[in-house]
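Printed here is work_8.pdb (PDB, C-alpha atoms):
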```pdb
ATOM      1  CA  MET A  25       0.000   0.000   0.000  1.00  0.00           C
ATOM      2  CA  THR A  26       1.335   3.418  -0.950  1.00  0.00           C
ATOM      3  CA  GLN A  27       1.016   6.664   0.983  1.00  0.00           C
ATOM      4  CA  GLN A  28      -1.726   7.798  -1.397  1.00  0.00           C
ATOM      5  CA  GLN A  29      -3.633   4.510  -1.026  1.00  0.00           C
ATOM      6  CA  ALA A  30      -3.397   4.730   2.767  1.00  0.00           C
ATOM      7  CA  ALA A  31      -4.808   8.271   2.685  1.00  0.00           C
ATOM      8  CA  LYS A  32      -7.713   7.145   0.460  1.00  0.00           C
ATOM      9  CA  ALA A  33      -8.467   4.270   2.874  1.00  0.00           C
ATOM     10  CA  LEU A  34      -9.049   6.670   5.794  1.00  0.00           C
ATOM     11  CA  LEU A  35     -12.590   7.331   6.953  1.00  0.00           C
ATOM     12  CA  THR A  36     -14.312  10.509   5.828  1.00  0.00           C
ATOM     13  CA  GLN A  37     -16.774  12.705   7.682  1.00  0.00           C
ATOM     14  CA  ALA A  38     -19.649  11.067   5.763  1.00  0.00           C
ATOM     15  CA  GLU A  39     -18.612   7.640   7.089  1.00  0.00           C
ATOM     16  CA  LEU A  40     -18.679   8.651  10.751  1.00  0.00           C
ATOM     17  CA  PRO A  41     -21.720   8.951  13.000  1.00  0.00           C
ATOM     18  CA  LEU A  42     -23.601  12.248  12.748  1.00  0.00           C
ATOM     19  CA  GLY A  43     -22.015  15.277  14.356  1.00  0.00           C
ATOM     20  CA  PHE A  44     -18.358  14.617  13.573  1.00  0.00           C
ATOM     21  CA  GLU A  45     -16.327  17.136  11.591  1.00  0.00           C
ATOM     22  CA  GLN A  46     -12.822  16.688  10.257  1.00  0.00           C
ATOM     23  CA  GLN A  47     -10.182  18.594  12.207  1.00  0.00           C
ATOM     24  CA  ASP A  48      -7.077  20.241  10.829  1.00  0.00           C
ATOM     25  CA  GLY A  49      -3.873  18.423  11.560  1.00  0.00           C
ATOM     26  CA  GLY A  50      -3.854  14.729  12.343  1.00  0.00           C
ATOM     27  CA  GLY A  51      -0.279  14.573  11.079  1.00  0.00           C
ATOM     28  CA  ASP A  52       2.722  13.120  12.825  1.00  0.00           C
ATOM     29  CA  ALA A  53       2.176  11.793  16.313  1.00  0.00           C
ATOM     30  CA  ALA A  54       4.546  12.520  19.169  1.00  0.00           C
ATOM     31  CA  ALA A  55       5.983   9.855  21.446  1.00  0.00           C
ATOM     32  CA  ILE A  56       4.133   9.531  24.739  1.00  0.00           C
ATOM     33  CA  GLY A  57       6.765   7.419  26.472  1.00  0.00           C
ATOM     34  CA  CYS A  58       5.452   3.845  26.193  1.00  0.00           C
ATOM     35  CA  ALA A  59       7.396   1.878  23.587  1.00  0.00           C
ATOM     36  CA  GLY A  60       4.538  -0.526  22.828  1.00  0.00           C
ATOM     37  CA  ILE A  61       2.229   2.343  21.916  1.00  0.00           C
ATOM     38  CA  ASP A  62       4.848   4.594  20.338  1.00  0.00           C
ATOM     39  CA  ARG A  63       6.010   1.895  17.863  1.00  0.00           C
ATOM     40  CA  LEU A  64       2.588   1.912  16.218  1.00  0.00           C
ATOM     41  CA  TYR A  65       2.030   5.661  16.234  1.00  0.00           C
ATOM     42  CA  LEU A  66       5.470   6.805  15.144  1.00  0.00           C
ATOM     43  CA  SER A  67       6.573   6.472  11.551  1.00  0.00           C
ATOM     44  CA  GLN A  68       9.894   4.666  12.117  1.00  0.00           C
ATOM     45  CA  ASP A  69       8.742   1.190  10.970  1.00  0.00           C
ATOM     46  CA  THR A  70       6.342   2.377   8.262  1.00  0.00           C
ATOM     47  CA  THR A  71       6.555   2.480   4.486  1.00  0.00           C
ATOM     48  CA  ALA A  72       3.257   4.393   4.274  1.00  0.00           C
ATOM     49  CA  ARG A  73       1.284   6.244   6.923  1.00  0.00           C
ATOM     50  CA  ALA A  74      -1.854   8.393   6.861  1.00  0.00           C
ATOM     51  CA  SER A  75      -3.941   9.923   9.616  1.00  0.00           C
ATOM     52  CA  VAL A  76      -7.166  11.864  10.062  1.00  0.00           C
ATOM     53  CA  SER A  77      -8.891  13.412  13.090  1.00  0.00           C
ATOM     54  CA  PHE A  78     -12.503  14.322  13.812  1.00  0.00           C
ATOM     55  CA  GLY A  79     -14.174  16.296  16.585  1.00  0.00           C
ATOM     56  CA  HIS A  80     -17.819  16.081  17.562  1.00  0.00           C
ATOM     57  CA  THR A  81     -19.823  19.303  17.325  1.00  0.00           C
ATOM     58  CA  LEU A  82     -22.082  18.634  20.331  1.00  0.00           C
ATOM     59  CA  SER A  83     -19.829  16.699  22.697  1.00  0.00           C
ATOM     60  CA  SER A  84     -16.185  16.483  23.674  1.00  0.00           C
ATOM     61  CA  ALA A  85     -15.601  13.323  21.588  1.00  0.00           C
ATOM     62  CA  PHE A  86     -12.439  13.322  19.496  1.00  0.00           C
ATOM     63  CA  VAL A  87     -11.541  10.479  17.119  1.00  0.00           C
ATOM     64  CA  ASN A  88      -8.300   9.819  15.268  1.00  0.00           C
ATOM     65  CA  GLU A  89      -7.649   7.110  12.696  1.00  0.00           C
ATOM     66  CA  THR A  90      -4.154   6.197  11.568  1.00  0.00           C
ATOM     67  CA  ILE A  91      -3.208   3.649   8.928  1.00  0.00           C
ATOM     68  CA  ALA A  92       0.379   2.429   9.095  1.00  0.00           C
ATOM     69  CA  VAL A  93       1.959  -0.049   6.686  1.00  0.00           C
ATOM     70  CA  GLN A  94       4.700  -1.886   8.596  1.00  0.00           C
ATOM     71  CA  PRO A  95       6.167  -4.712   6.471  1.00  0.00           C
ATOM     72  CA  GLY A  96       7.793  -7.341   8.648  1.00  0.00           C
ATOM     73  CA  LYS A  97       7.018  -5.344  11.813  1.00  0.00           C
ATOM     74  CA  ALA A  98       3.209  -5.189  12.061  1.00  0.00           C
ATOM     75  CA  THR A  99       2.804  -8.463  13.981  1.00  0.00           C
ATOM     76  CA  VAL A 100       5.488  -7.719  16.535  1.00  0.00           C
ATOM     77  CA  ASN A 101       4.334  -4.113  16.934  1.00  0.00           C
ATOM     78  CA  VAL A 102       0.685  -5.055  17.571  1.00  0.00           C
ATOM     79  CA  ASP A 103       1.862  -7.674  20.083  1.00  0.00           C
ATOM     80  CA  GLY A 104       3.946  -4.980  21.819  1.00  0.00           C
ATOM     81  CA  PHE A 105       0.935  -2.659  21.787  1.00  0.00           C
ATOM     82  CA  ARG A 106      -1.139  -5.379  23.500  1.00  0.00           C
ATOM     83  CA  ARG A 107       1.573  -5.885  26.155  1.00  0.00           C
ATOM     84  CA  ALA A 108       1.590  -2.152  26.950  1.00  0.00           C
ATOM     85  CA  ALA A 109      -1.133  -2.824  29.534  1.00  0.00           C
ATOM     86  CA  GLN A 110       1.529  -4.721  31.522  1.00  0.00           C
ATOM     87  CA  ASP A 111       4.742  -3.053  30.340  1.00  0.00           C
ATOM     88  CA  CYS A 112       3.453   0.512  30.753  1.00  0.00           C
ATOM     89  CA  ARG A 113       0.807   0.048  33.428  1.00  0.00           C
ATOM     90  CA  ALA A 114       1.902   3.383  34.885  1.00  0.00           C
ATOM     91  CA  PHE A 115       4.408   5.650  33.150  1.00  0.00           C
ATOM     92  CA  SER A 116       5.456   9.263  32.694  1.00  0.00           C
ATOM     93  CA  GLY A 117       5.651  10.945  29.323  1.00  0.00           C
ATOM     94  CA  SER A 118       5.046  14.316  27.724  1.00  0.00           C
ATOM     95  CA  GLY A 119       4.990  15.881  31.184  1.00  0.00           C
ATOM     96  CA  GLN A 120       2.088  13.708  32.358  1.00  0.00           C
ATOM     97  CA  GLN A 121       1.498  10.569  34.404  1.00  0.00           C
ATOM     98  CA  TYR A 122      -0.443   7.837  32.582  1.00  0.00           C
ATOM     99  CA  GLN A 123      -2.167   4.592  33.487  1.00  0.00           C
ATOM    100  CA  VAL A 124      -2.776   1.902  30.863  1.00  0.00           C
ATOM    101  CA  THR A 125      -5.349  -0.869  31.189  1.00  0.00           C
ATOM    102  CA  PRO A 126      -6.610  -3.433  28.672  1.00  0.00           C
ATOM    103  CA  LEU A 127      -9.753  -2.546  26.725  1.00  0.00           C
ATOM    104  CA  THR A 128     -11.749  -5.742  26.961  1.00  0.00           C
ATOM    105  CA  GLY A 129     -14.746  -7.039  25.057  1.00  0.00           C
ATOM    106  CA  LEU A 130     -13.524  -6.139  21.577  1.00  0.00           C
ATOM    107  CA  PRO A 131     -14.393  -8.444  18.705  1.00  0.00           C
ATOM    108  CA  ALA A 132     -11.561  -9.771  16.532  1.00  0.00           C
ATOM    109  CA  TYR A 133     -11.579  -7.356  13.594  1.00  0.00           C
ATOM    110  CA  GLY A 134      -8.611  -8.603  11.564  1.00  0.00           C
ATOM    111  CA  ASP A 135      -5.563 -10.852  11.860  1.00  0.00           C
ATOM    112  CA  ALA A 136      -4.964  -9.399  15.342  1.00  0.00           C
ATOM    113  CA  THR A 137      -6.857  -6.908  17.506  1.00  0.00           C
ATOM    114  CA  ALA A 138      -5.629  -5.180  20.666  1.00  0.00           C
ATOM    115  CA  GLY A 139      -7.255  -2.458  22.749  1.00  0.00           C
ATOM    116  CA  LEU A 140      -6.025  -0.191  25.534  1.00  0.00           C
ATOM    117  CA  ARG A 141      -7.526   2.488  27.739  1.00  0.00           C
ATOM    118  CA  ILE A 142      -5.154   5.274  28.716  1.00  0.00           C
ATOM    119  CA  THR A 143      -5.923   7.720  31.478  1.00  0.00           C
ATOM    120  CA  SER A 144      -3.886  10.625  32.724  1.00  0.00           C
ATOM    121  CA  ARG A 145      -3.732  11.655  36.334  1.00  0.00           C
ATOM    122  CA  LEU A 146      -4.476  15.244  35.368  1.00  0.00           C
ATOM    123  CA  ARG A 147      -8.042  16.255  36.232  1.00  0.00           C
ATOM    124  CA  GLU A 148      -8.643  18.007  32.890  1.00  0.00           C
ATOM    125  CA  ALA A 149      -7.191  15.184  30.784  1.00  0.00           C
ATOM    126  CA  ARG A 150      -9.360  13.035  28.530  1.00  0.00           C
ATOM    127  CA  PRO A 151      -9.329   9.267  28.862  1.00  0.00           C
ATOM    128  CA  VAL A 152      -8.500   7.601  25.541  1.00  0.00           C
ATOM    129  CA  GLU A 153      -9.424   4.237  24.099  1.00  0.00           C
ATOM    130  CA  LEU A 154      -6.883   2.970  21.577  1.00  0.00           C
ATOM    131  CA  VAL A 155      -7.515   0.013  19.289  1.00  0.00           C
ATOM    132  CA  ALA A 156      -4.969  -1.516  16.912  1.00  0.00           C
ATOM    133  CA  VAL A 157      -6.108  -3.934  14.199  1.00  0.00           C
ATOM    134  CA  ARG A 158      -3.580  -5.753  12.037  1.00  0.00           C
ATOM    135  CA  ILE A 159      -4.540  -6.868   8.553  1.00  0.00           C
ATOM    136  CA  GLY A 160      -1.442  -8.406   7.003  1.00  0.00           C
ATOM    137  CA  ASP A 161       1.337  -5.806   7.222  1.00  0.00           C
ATOM    138  CA  THR A 162      -1.106  -2.925   7.662  1.00  0.00           C
ATOM    139  CA  VAL A 163      -2.252  -1.631  11.037  1.00  0.00           C
ATOM    140  CA  VAL A 164      -5.371   0.476  11.572  1.00  0.00           C
ATOM    141  CA  LEU A 165      -5.234   2.490  14.783  1.00  0.00           C
ATOM    142  CA  VAL A 166      -8.283   4.210  16.216  1.00  0.00           C
ATOM    143  CA  ALA A 167      -8.207   6.572  19.172  1.00  0.00           C
ATOM    144  CA  ASN A 168     -11.403   7.767  20.832  1.00  0.00           C
ATOM    145  CA  ALA A 169     -11.073  10.409  23.553  1.00  0.00           C
ATOM    146  CA  GLU A 170     -13.751  12.166  25.567  1.00  0.00           C
ATOM    147  CA  ALA A 171     -13.931  14.257  28.693  1.00  0.00           C
ATOM    148  CA  GLY A 172     -15.255  12.001  31.450  1.00  0.00           C
ATOM    149  CA  ALA A 173     -16.217   8.526  30.265  1.00  0.00           C
ATOM    150  CA  VAL A 174     -15.314   7.277  26.800  1.00  0.00           C
ATOM    151  CA  ASP A 175     -18.127   5.737  24.744  1.00  0.00           C
ATOM    152  CA  THR A 176     -16.778   2.251  24.013  1.00  0.00           C
ATOM    153  CA  GLU A 177     -19.644   1.557  21.618  1.00  0.00           C
ATOM    154  CA  LEU A 178     -18.478   4.555  19.535  1.00  0.00           C
ATOM    155  CA  THR A 179     -14.950   3.121  19.588  1.00  0.00           C
ATOM    156  CA  ARG A 180     -16.235  -0.222  18.281  1.00  0.00           C
ATOM    157  CA  THR A 181     -18.308   1.495  15.574  1.00  0.00           C
ATOM    158  CA  ILE A 182     -15.363   3.562  14.316  1.00  0.00           C
ATOM    159  CA  VAL A 183     -13.002   0.567  14.348  1.00  0.00           C
ATOM    160  CA  ALA A 184     -15.489  -1.632  12.447  1.00  0.00           C
ATOM    161  CA  ARG A 185     -16.006   1.056   9.799  1.00  0.00           C
ATOM    162  CA  ALA A 186     -12.266   1.740   9.465  1.00  0.00           C
ATOM    163  CA  VAL A 187     -11.454  -1.954   9.022  1.00  0.00           C
ATOM    164  CA  GLN A 188     -14.294  -2.426   6.522  1.00  0.00           C
ATOM    165  CA  LYS A 189     -13.088   0.544   4.441  1.00  0.00           C
ATOM    166  CA  LEU A 190      -9.479  -0.633   4.516  1.00  0.00           C
ATOM    167  CA  ARG A 191     -10.506  -4.080   3.301  1.00  0.00           C
ATOM    168  CA  LYS A 192     -12.517  -2.550   0.436  1.00  0.00           C
ATOM    169  CA  SER A 193      -9.540  -0.335  -0.467  1.00  0.00           C
ATOM    170  CA  GLY A 194      -7.063  -3.050  -0.546  1.00  0.00           C
TER     171      GLY A 194
END
```
Could you write out this structure as structure tokens?
Amino acid sequence: MTQQQAAKALLTQAELPLGFEQQDGGGDAAAIGCAGIDRLYLSQDTTARASVSFGHTLSSAFVNETIAVQPGKATVNVDGFRRAAQDCRAFSGSGQQYQVTPLTGLPAYGDATAGLRITSRLREARPVELVAVRIGDTVVLVANAEAGAVDTELTRTIVARAVQKLRKSG
């Protein structure tokens, strides 16, 4: 998959639930300090990478989708992402303290599926649900963040739609 194909495989505003609008940016991610998570979000192992972000007009929901093509590394990187719930249970990064727990109850969307919930100890921080789905050498990453409680059903909906679109694209 090329960079252009990865960008075309990203969800659009029309493919998200009502109320979401595309946000500017969504470019390169910054390391947060947990290797298992950073390996999927950073571009070091990728031959193609594309990302898009959406904000909800009536709530604090924020969704990001990233597609990363990682030949020879996707399997090991998704496994490392899954282990982040143990390896990075509590860590410091980007000037914040984080806690990572497994996101349970996810269906198997592709060759491998892993989910995490990340919370910061800052009162104003948003909890984030992160889901990584591997399809061959391509990884679809979905992040869903909200103030207060994250809507896990929204996370599942976005992941299912992202995986379906990637499969149609590819």
task: Find the spatial neighbours of Ile91 in chain A, counting all atoms listed in the file, within a cut-off of 9 Å - ignore same-chain residues fewer than 2 positions away - and output them as an MDAnalysis selection string.
output: chainID A and resid 30:31 33:34 72:75 89 93 162:166 190
field: Residues returned when the PyMOL selection byres ((chain A and resi 173) around 10) runs on this file, as a PyMOL selection string
entry: chain A and resi 85+150-152+169-172+174-176
- request: Compare A:Met25, A:Ile182, A:Val124, A:Ala109 by their minimum atom-to-atom distance to Ala92 in chain A, counting only C-alpha atoms, and give me the closest one.
  value: A:Met25
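Nearest to Gln47 in chain A of all the residues A:Ala59, A:Thr90, A:Asp69, A:Ser77 is A:Ser77, based on only C-alpha atoms.
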query: Near range 158-161 of chain A, within 12 Å and counting all atoms listed in the file, which residues show up once chain neighbours fewer than 3 positions away are dropped, as number ranges by chain?
result: A: 25, 64, 69-72, 90-103, 105-106, 132-139, 155, 164-166, 183, 186-188, 190-191, 194
- prompt: Which distance in Å separates CA of Val157 in chain A and CA of Gly43 in chain A, to one decimal?
  reply: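 Interatomic distance here is 24.9 Å.
Take the candidates A:Ser193, A:Leu154, A:Leu35, A:Cys58 and check each one against Leu127 in chain A using only C-alpha atoms; the shortest distance goes to A:Leu154.
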message: Residue by residue, what does the PyMOL selection byres ((chain A and resi 125) around 9) grab here? Present the result as number ranges by chain.
response: A: 108-110, 112-113, 123-124, 126-127, 139-143
message: Between CA of Asp48 in chain A and CA of Ala167 in chain A, what distance in Å does the model show, to one decimal?
response: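 Result for CA of Asp48 in chain A versus CA of Ala167 in chain A: 16.1 Å, one decimal.
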